[in-house]
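Structure record follows, encoded as structure tokens.
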Amino acid sequence: MNKRAKKILFLLFTAVFCFTIALPSIFAVPSQSVSPEVFSAYEIEAGLVPETSANQATDGEKTTNSDIVCVMRIYSDPGIVSFSPQLSMDFGHSFLTFLNVSSSDITVGRHTVAPNQMISVGKFGNLTDYAGGFKGVFYNIESHRSQALGWYATGRSLFMDLTASELNTISDCIKQMQSGYIEVGNNCATFAGLVWNSILPSDHAKYIDHVGTPSLIYQDMEGIGGYYTGNGLIQAEDARCFYTGSVRVICEDKY
């Protein structure tokens, strides 16, 4: 065998050897990452989660904890309207919901929530004609809008199960931000985001970094993962109201 033939044979052998080594990885099935939990076990127990989704819930999602008293969700619907590539406006809304999963009444902000009941909590500056000029935190506006008008169907939401101690911290934060509304710095997104973050360290997986507008919170949820899209978990079970100090005032909505 001449020198050239030996070289060709060596190269052919090398190619066959490398292909044999690589063969398992070529046909290997890539590992699938496990998605974060989308639903709380308590939402599943309460029958809020569609049956198909509940059946797909992981064992971790179905585990309950006796220390948990409620499920908090933060919703954000961007509602962005674009007038041109250079100009767009954020007409969306961010808010919170609380589902009482305990056997006793709980207090969310100023509001009492009965067992198995849900309320929504959000900040508004444009309901003054229906609230005696009040601007600030309202209860159950969003839940009624969702049920009656189908709003927030494209919004994203994340959940957290809260202990009594965590709920107390959340409630204190809501009360501190009860009154006042400014388009930049004290709006619905700032309120919802700061309340949500109030019990989380800044390096927590569900900490929301950008809370200036609904679209920013919506975008942050993309990076956080494990969000639910839609309004199917929202229940309207109490009257719309706000509080001046500790006095409850029933109100209407402009829609």
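Identifiers in the structure tokens: chain A, B, ... in order shown; residue index from 1 per chain; ligand index from 1 in order shown.
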
Selection: 10 Å around Asp238 (chain A), only C-alpha atoms, excl. self and same-chain fewer than 4 positions, as a VMD selection string: chain A and resid 113 to 114 117 to 120 139 to 141 143 to 144

Can you tell me, as a PyMOL selection string, which residues in region 138-253 of chain A count as alpha helix (DSSP H) by DSSP? chain A and resi 141-149+164-176+188-197+214-224

Using only C-alpha atoms, which residue out of A:Gly155, A:Gly185, A:Gly122, A:Pro201 lies closest to Gly79 (chain A)? A:Gly155

Ser104 (chain A) surroundings by only C-alpha atoms, 12 Å radius, close-in-sequence under 5 positions cut, as an mmCIF file with all heavy atoms, in the first residue's frame:
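part.cif, written as the output of this step:
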data_model
loop_
_atom_site.group_PDB
_atom_site.id
_atom_site.type_symbol
_atom_site.label_atom_id
_atom_site.label_comp_id
_atom_site.auth_asym_id
_atom_site.auth_seq_id
_atom_site.Cartn_x
_atom_site.Cartn_y
_atom_site.Cartn_z
ATOM 1 N N ILE A 68 -50.678 28.862 55.443
ATOM 2 C CA ILE A 68 -51.119 29.793 54.406
ATOM 3 C C ILE A 68 -52.552 30.250 54.685
ATOM 4 O O ILE A 68 -53.428 29.438 54.983
ATOM 5 C CB ILE A 68 -51.042 29.129 53.016
ATOM 6 C CG1 ILE A 68 -49.603 28.710 52.704
ATOM 7 C CG2 ILE A 68 -51.575 30.073 51.945
ATOM 8 C CD1 ILE A 68 -48.602 29.843 52.722
ATOM 9 N N VAL A 69 -52.775 31.569 54.578
ATOM 10 C CA VAL A 69 -54.118 32.108 54.828
ATOM 11 C C VAL A 69 -54.766 32.685 53.575
ATOM 12 O O VAL A 69 -55.991 32.823 53.517
ATOM 13 C CB VAL A 69 -54.089 33.186 55.932
ATOM 14 C CG1 VAL A 69 -53.618 32.580 57.252
ATOM 15 C CG2 VAL A 69 -53.211 34.367 55.536
ATOM 16 N N CYS A 70 -53.971 33.059 52.590
ATOM 17 C CA CYS A 70 -54.574 33.586 51.368
ATOM 18 C C CYS A 70 -53.609 33.464 50.194
ATOM 19 O O CYS A 70 -52.405 33.247 50.378
ATOM 20 C CB CYS A 70 -55.031 35.034 51.538
ATOM 21 S SG CYS A 70 -53.734 36.259 51.404
ATOM 22 N N THR A 112 -62.218 43.583 55.107
ATOM 23 C CA THR A 112 -62.409 42.238 55.654
ATOM 24 C C THR A 112 -62.877 41.294 54.551
ATOM 25 O O THR A 112 -63.802 41.607 53.798
ATOM 26 C CB THR A 112 -63.446 42.253 56.789
ATOM 27 O OG1 THR A 112 -62.984 43.119 57.829
ATOM 28 C CG2 THR A 112 -63.648 40.855 57.354
ATOM 29 N N VAL A 113 -62.224 40.138 54.485
ATOM 30 C CA VAL A 113 -62.546 39.147 53.458
ATOM 31 C C VAL A 113 -62.952 37.848 54.144
ATOM 32 O O VAL A 113 -62.206 37.305 54.963
ATOM 33 C CB VAL A 113 -61.343 38.884 52.530
ATOM 34 C CG1 VAL A 113 -61.745 37.953 51.385
ATOM 35 C CG2 VAL A 113 -60.785 40.192 51.986
ATOM 36 N N ALA A 114 -64.128 37.357 53.824
ATOM 37 C CA ALA A 114 -64.639 36.125 54.429
ATOM 38 C C ALA A 114 -63.932 34.904 53.835
ATOM 39 O O ALA A 114 -63.339 34.974 52.757
ATOM 40 C CB ALA A 114 -66.143 36.026 54.198
ATOM 41 N N PRO A 115 -64.000 33.768 54.524
ATOM 42 C CA PRO A 115 -63.395 32.541 53.986
ATOM 43 C C PRO A 115 -63.941 32.199 52.598
ATOM 44 O O PRO A 115 -65.130 32.391 52.319
ATOM 45 C CB PRO A 115 -63.794 31.478 55.016
ATOM 46 C CG PRO A 115 -63.976 32.237 56.285
ATOM 47 C CD PRO A 115 -64.563 33.559 55.874
ATOM 48 N N ASN A 116 -63.055 31.736 51.742
ATOM 49 C CA ASN A 116 -63.399 31.312 50.376
ATOM 50 C C ASN A 116 -63.864 32.458 49.484
ATOM 51 O O ASN A 116 -64.435 32.212 48.422
ATOM 52 C CB ASN A 116 -64.473 30.213 50.397
ATOM 53 C CG ASN A 116 -64.059 29.020 51.234
ATOM 54 O OD1 ASN A 116 -62.935 28.527 51.112
ATOM 55 N ND2 ASN A 116 -64.953 28.569 52.110
ATOM 56 N N GLN A 117 -63.632 33.684 49.917
ATOM 57 C CA GLN A 117 -64.012 34.849 49.120
ATOM 58 C C GLN A 117 -62.770 35.506 48.525
ATOM 59 O O GLN A 117 -61.664 35.380 49.053
ATOM 60 C CB GLN A 117 -64.769 35.867 49.972
ATOM 61 C CG GLN A 117 -66.069 35.335 50.561
ATOM 62 C CD GLN A 117 -67.114 35.058 49.499
ATOM 63 O OE1 GLN A 117 -67.564 35.950 48.797
ATOM 64 N NE2 GLN A 117 -67.500 33.794 49.375
ATOM 65 N N ALA A 164 -50.023 34.465 57.558
ATOM 66 C CA ALA A 164 -50.662 35.583 58.262
ATOM 67 C C ALA A 164 -49.682 36.736 58.450
ATOM 68 O O ALA A 164 -50.040 37.909 58.305
ATOM 69 C CB ALA A 164 -51.198 35.104 59.607
#

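Each of A:Ser157, A:Ala131, A:Phe138, A:Arg145 was checked against Gln219 (chain A) using only C-alpha atoms; the smallest atom-to-atom distance is that of A:Ser157.
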
Can you measure CA of Arg110 (chain A) to CA of Ile174 (chain A) for me? One decimal in Å is fine. 8.2 Å

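For the choices A:Lys123, A:Lys175, A:Arg73, A:His210, the atom-to-atom distance to Gly136 (chain A) is smallest for A:Lys123 when using only C-alpha atoms.
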
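Among A:Phe242, A:Leu149, A:Asn187, A:Ser171, the residue with the shortest atom-to-atom distance to Val137 (chain A), counting only C-alpha atoms, is A:Phe242.
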
Separation of CA of Ala189 (chain A) and CA of Met221 (chain A), in Å? 13.1 Å

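Our summary of the geometry notes that CA of His93 (chain A) is positioned 5.5 Å from CA of Asp77 (chain A).
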
What lies within 8 Å of region 43-51 of chain A using only C-alpha atoms, ignoring chain neighbours under 5 positions off, as a PDB file with N, CA, C and O atoms, in the first residue's frame?
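Now in part.pdb:
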ATOM      1  N   LYS A  62     -49.873  20.906  43.985  1.00  0.00           N
ATOM      2  CA  LYS A  62     -51.022  20.369  44.697  1.00  0.00           C
ATOM      3  C   LYS A  62     -50.768  20.259  46.205  1.00  0.00           C
ATOM      4  O   LYS A  62     -51.611  19.794  46.946  1.00  0.00           O
ATOM      5  N   VAL A  71     -54.175  33.591  49.009  1.00  0.00           N
ATOM      6  CA  VAL A  71     -53.390  33.607  47.772  1.00  0.00           C
ATOM      7  C   VAL A  71     -53.477  35.006  47.186  1.00  0.00           C
ATOM      8  O   VAL A  71     -54.572  35.526  46.948  1.00  0.00           O
ATOM      9  N   ASN A 116     -63.055  31.736  51.742  1.00  0.00           N
ATOM     10  CA  ASN A 116     -63.399  31.312  50.376  1.00  0.00           C
ATOM     11  C   ASN A 116     -63.864  32.458  49.484  1.00  0.00           C
ATOM     12  O   ASN A 116     -64.435  32.212  48.422  1.00  0.00           O
ATOM     13  N   GLY A 232     -59.599  34.340  33.949  1.00  0.00           N
ATOM     14  CA  GLY A 232     -60.453  33.239  34.376  1.00  0.00           C
ATOM     15  C   GLY A 232     -60.420  32.911  35.850  1.00  0.00           C
ATOM     16  O   GLY A 232     -61.288  32.177  36.339  1.00  0.00           O
ATOM     17  N   LEU A 233     -59.439  33.432  36.577  1.00  0.00           N
ATOM     18  CA  LEU A 233     -59.340  33.140  38.009  1.00  0.00           C
ATOM     19  C   LEU A 233     -60.026  34.194  38.871  1.00  0.00           C
ATOM     20  O   LEU A 233     -60.155  34.017  40.082  1.00  0.00           O
TER      21      LEU A 233
END

Find the residues near Asp209 (chain A): any atom within 10 Å, counting only C-alpha atoms, skip ones fewer than 4 places away on the same chain, and give them as a ChimeraX atom specification. /A:193-194,197,202-203,216-217,220-221

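Minimum atom-to-atom distances from A:Trp196, A:Tyr228, A:Tyr207, A:Phe159 to Ser40 (chain A) were compared using only C-alpha atoms, and the lowest value belongs to A:Phe159.
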
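Residues in contact range of Asn186 (chain A), defined as at most 10 Å between only C-alpha atoms, with sequence neighbours fewer than 2 positions away removed, read Lys123, Phe124, Gly125, Gly136, Met177, Ser179, Gly180, Tyr181, Ile182, Glu183, Val184, Cys188, Ala189, Thr190, Phe191, Ala192 and Gly212 of chain A.
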
Between A:Thr128, A:Ile224, A:Gly230, A:Phe134, which is the closest to Gly245 (chain A) once you count only C-alpha atoms? A:Phe134

Within 9 Å of Ile250 (chain A) using only C-alpha atoms, minus same-chain residues under 2 positions, as a tab-separated table (two decimals) with C-alpha atoms, in the first residue's frame:
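Ended up saving to out29.tsv:
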chain	number	residue	atom	x	y	z
A	131	ALA	CA	-66.17	58.47	44.85
A	239	ALA	CA	-69.27	45.43	46.73
A	240	ARG	CA	-67.08	48.10	45.18
A	241	CYS	CA	-65.73	50.46	47.80
A	242	PHE	CA	-62.89	52.62	49.11
A	243	TYR	CA	-61.81	53.80	52.55
A	248	ARG	CA	-65.74	52.16	54.33
A	252	GLU	CA	-70.03	52.83	41.81
